[in-house]
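Enquirer: Got a structure here, written out as structure tokens. Questions coming.
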Amino acid sequence: MVFVVVLSLVSVLPSTAGASTDDVVFEGSGWGHGVGMSQYGAWGMAVEGSSYGAILGHYYQGAVVAQAVSPQPIWVNLERNFTTLTLTVGDTGVAEGSPVEITSAAGAMSAVSGAVLSIEFSPPSGCLVTVTNPGQTATQVTDPACAFDFSWYGWSTPEANPTTKLTIAGCLLTDWNVAPSVSRPCEYARGILHLRSGQDPIFKTWALDLSAEMLLDDYVLGISEMPYYWTPTQALMAQAVASRSYGQAMQLGRGDPATNSCDGWCHVKDTTADQRYVGWGHGGIEPWVASVQATAGEVLHHVAAPQGVVAAFFSSSSGGATENIEERFGGTPRPYLTSVDDTIAIDGTVPNPKASWSTSLSPATVAAALGYDELLTVEVIDYRTSGSAWHLKFTGLKDGSFQVTETTGTWARTNFGLYSEYFNVEYEAPNKILSDELFFYKSSDGVFKYYDVNPDGSLGAPLKTGTYSAGWDSITAVDLDGDGVDEAFFYRSSDGLFKYYDVKQDGSLGALIRTGSYSTGWSAITKVDLDGDGFDEFFFYRKSDGLFKYYDVNPSGSLGAPLKSGLYSTGWSAITKVDLDGDGVDEFFFYRKSDGLFKYYAVNPDGALGALIKTGLYSTGWSAITGIQLD
């Protein structure tokens with residue numbers, strides 16, 4: 001005869017400090033993606049006397065600082081996918097401004113200081129540019145090819161200084177180099193502007209792009225990524241080289257701006273998707289200008305880098321060690337973008353405001369992001385080499401069914417607005433249902449297996465397997481000695497023999513505690529706290545006629561007074577109790593081995609069955625089910 005016992009127990013835990021809180025709390029450090037140079041780390045190294053070369057050598061292992069080979073002008077996208085735009089012409093203050101020459105195959109115009117330039121995309125006729133000079137009648141040119149250039153000085157000569165700037169109306173960029181930070185107009189004086197048409201890669205609609213083409217050093221002058229006032233300036237010099245190197249690497253890798261490899265007519269965007277380029281309006285601040293000039297033309301070279309130039313990623317700071325690029329962004333490892341020590345960024349050497357941070361979210365917010373009705377647990381299950389959170393596991397309920405979601409730290413950072421992926425999070429919902437185990441037993445050979453059980457009653461992952469002695473008809477779990485740890489209760493219907501054993505965490509049996517005899521012929525015995533007094537009673541069931549009886553159980557394992565008696569339906573192979581919904585009140589679980597049918601019922605205080613809660617199917621052939629909390 002094949003006989004199986006399934007052990008299933010649902011426990012309820014109160015909140016505990018550090019593991020269970022009302023909110024989901026992400027405790028973190030650092031700001032940004034963590035690949036390459038840490039800016040606060042660079043500042044810390046500079047404070048401690050390191051040169052910009054030593055700083056770059058630390059964060060970009062094996063890279064060498066040297067002059068760029070045959071640098072070419074770089075295209076920077078300023079505005080993407082627009083249909084109308086207004087520019088104004090002004091003086092930089094260096095000298096009297098030069099006129100802006102607007103040229104295309106369809107015609108040319110000139111705009112002086114104070115002029116307003118209006119751009120309109122009007123397919124199928126093309127693009128219309130209107131120039132209104134002060135005190136003059138507006139002039140217009142329509143170009144079917146939408147290819148206009150705006151030039152005002154000899155931008156391709158390194159010694160040339162612009163006297164004219166163009167400002168994009170309605171555009172503001174935050175300047176964090178003053179306290180408090182302010183919003184400044186989007187002003188551009190270096191290089192030449194190009195107006196081109198392009199197609200949106202997602203919506204496939206056509207519109208306009210505005211890009212600036214300029215010398216590589218002029219590009220770096222307009223970068224605003226590290227506060228311009230940081231001293232010693234070795235940190236700023238390291239930033240200048242990193243920014244120049246990144247720009248050239250993107251330029252070489254993306255090729256012709258017309259190919260749309262930059263998602264627009266460009267080699268780089270002006271946002272932190274590449275590097276934050278702010279143009280003229282922030283770029284005249286010392287000591288940044290001096291740091292750019294002191295490192296003029298220098299980039300990072302490495303033999304393993306594509307075309308020899310390092311794409312010098314950087315971010316504000318890590319959580320104490322930078323990232324291996326392949327772990328953070330995917331792809332192949334790069335020897336110059338590996339995890340290195342960055343504790344100086346967060347140890348107080350410099351005033352890093354994100355040396356530590358905490359973000360608290362309501363469980364409902366996290367549940368909504370996952371598509372859950374209720375959040376049960378959150379934990380980090382895997383860390384990168386740097387110590388950042390690589391993978392997370394969420395569990396919850398959706399429409400009454402148990403849900404498990406494994407995702408990345410990147411997903412959590414993006415969806416919850418976290419400063420970095422250097423965080424820990426551990427959450428357990430108050431009164432959360434603990435992981436159930438189901439224990440399957442065959443009386444024919446004694447083989448047993450443990451499985452996780454989800455709150456919807458479905459089986460989860462297999463956990464353990466082993467062997468007990470054969471021939472037992474019912475196995476249940478009961479805390480006989482009241483120490484909060486379950487023992488296993490074995491019962492044989494042929495002679496009524498029972499035995500209590502300790503159960504180890506690996507599922508094997510420990511010491512024999514008690515043995516004795518009950519009456520014969522019962523199909524299932526389980527424990528349940530029928531009267532809610534915190535003490536278990538024993539429930540006996542006989543499938544031939546549906547008879548059940550409740551008994552008190554003495555600490556010696558012998559039966560005490562009979563409490564209740566009655567009838568359930570016949571033919572069930574196993575009946576056990578489980579707190580399915582985690583409310584601290586037991587339900588009854590019925591199982592029939594012939595077809596695997598199971599049903600959950602509420603149980604009334606008088607022992608009668610209440611409402612049907614759930615029904616479903618397990619595999620067939622098992623003969624008894626009861627509960628134990630293995631872990």
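Ordering of the structure tokens sets the chain letters (A, B, ...), residue numbers begin anew at 1 in every chain, and ligands are numbered from 1 in the order given.
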Hey, what's within 12 Å of segment 412-416 of chain A if we count only C-alpha atoms and toss same-chain stuff fewer than 3 positions away? As an MDAnalysis selection string, please?
Expert: chainID A and resid 24:26 28 31:33 358:363 365:370 378:380 388:394 405:409 419:425
Enquirer: So which residues of segment 351-581 of chain A fall under helix (DSSP H, G or I) by DSSP, listed as a ChimeraX atom specification?
Expert: /A:363-370,409-416
Enquirer: Looking only at strand (DSSP E or B) from DSSP on the backbone, list the matching residues of segment 162-301 of chain A as number ranges by chain.
Expert: A: 164-175, 182-188, 192-199, 206-214, 223, 268-269, 277, 298-301
Enquirer: Can you work out the spacing between atom CA of Arg190 of chain A and atom CA of Gly281 of chain A in Å, to one decimal?
Expert: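 Atom CA of Gly281 of chain A lies 10.9 Å from atom CA of Arg190 of chain A.
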Enquirer: Report as a count of residues only all protein, DNA and RNA residues lying within 8 Å of segment 514-527 of chain A, evaluated on only C-alpha atoms, omitting residues in the same chain fewer than 5 positions from it.
Expert: 36
Enquirer: Mind checking which residues fall within 10 Å of Thr174 of chain A, counting only C-alpha atoms, ignoring those fewer than 3 positions away in the same chain, and posting them as an MDAnalysis selection string?
Expert: chainID A and resid 177:178 181:186 224 278 282
Enquirer: Might you pull out every residue within 8 Å of Tyr600 of chain A, with only C-alpha atoms counted and same-chain residues fewer than 4 positions away left off, and present them as a PyMOL selection string?
Expert: chain A and resi 587-590+612-615
Enquirer: Measure the distance from atom CA of Tyr383 of chain A to atom CA of Gly319 of chain A in Å and round it to one decimal.
Expert: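 Computing it gives 12.4 Å between the two atoms.
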Enquirer: In terms of the shortest atom-to-atom distance over only C-alpha atoms, which of A:Val299, A:Cys127, A:Val35, A:Leu252 is closest to Leu195 of chain A?
Expert: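 The closest residue to Leu195 of chain A is A:Cys127.
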Enquirer: Counting only C-alpha atoms, what is within 8 Å of segment 164-171 of chain A, bar same-chain residues fewer than 2 positions away, as a PyMOL selection string?
Expert: chain A and resi 85-92+96-100+113+152+162+173+185-190+280
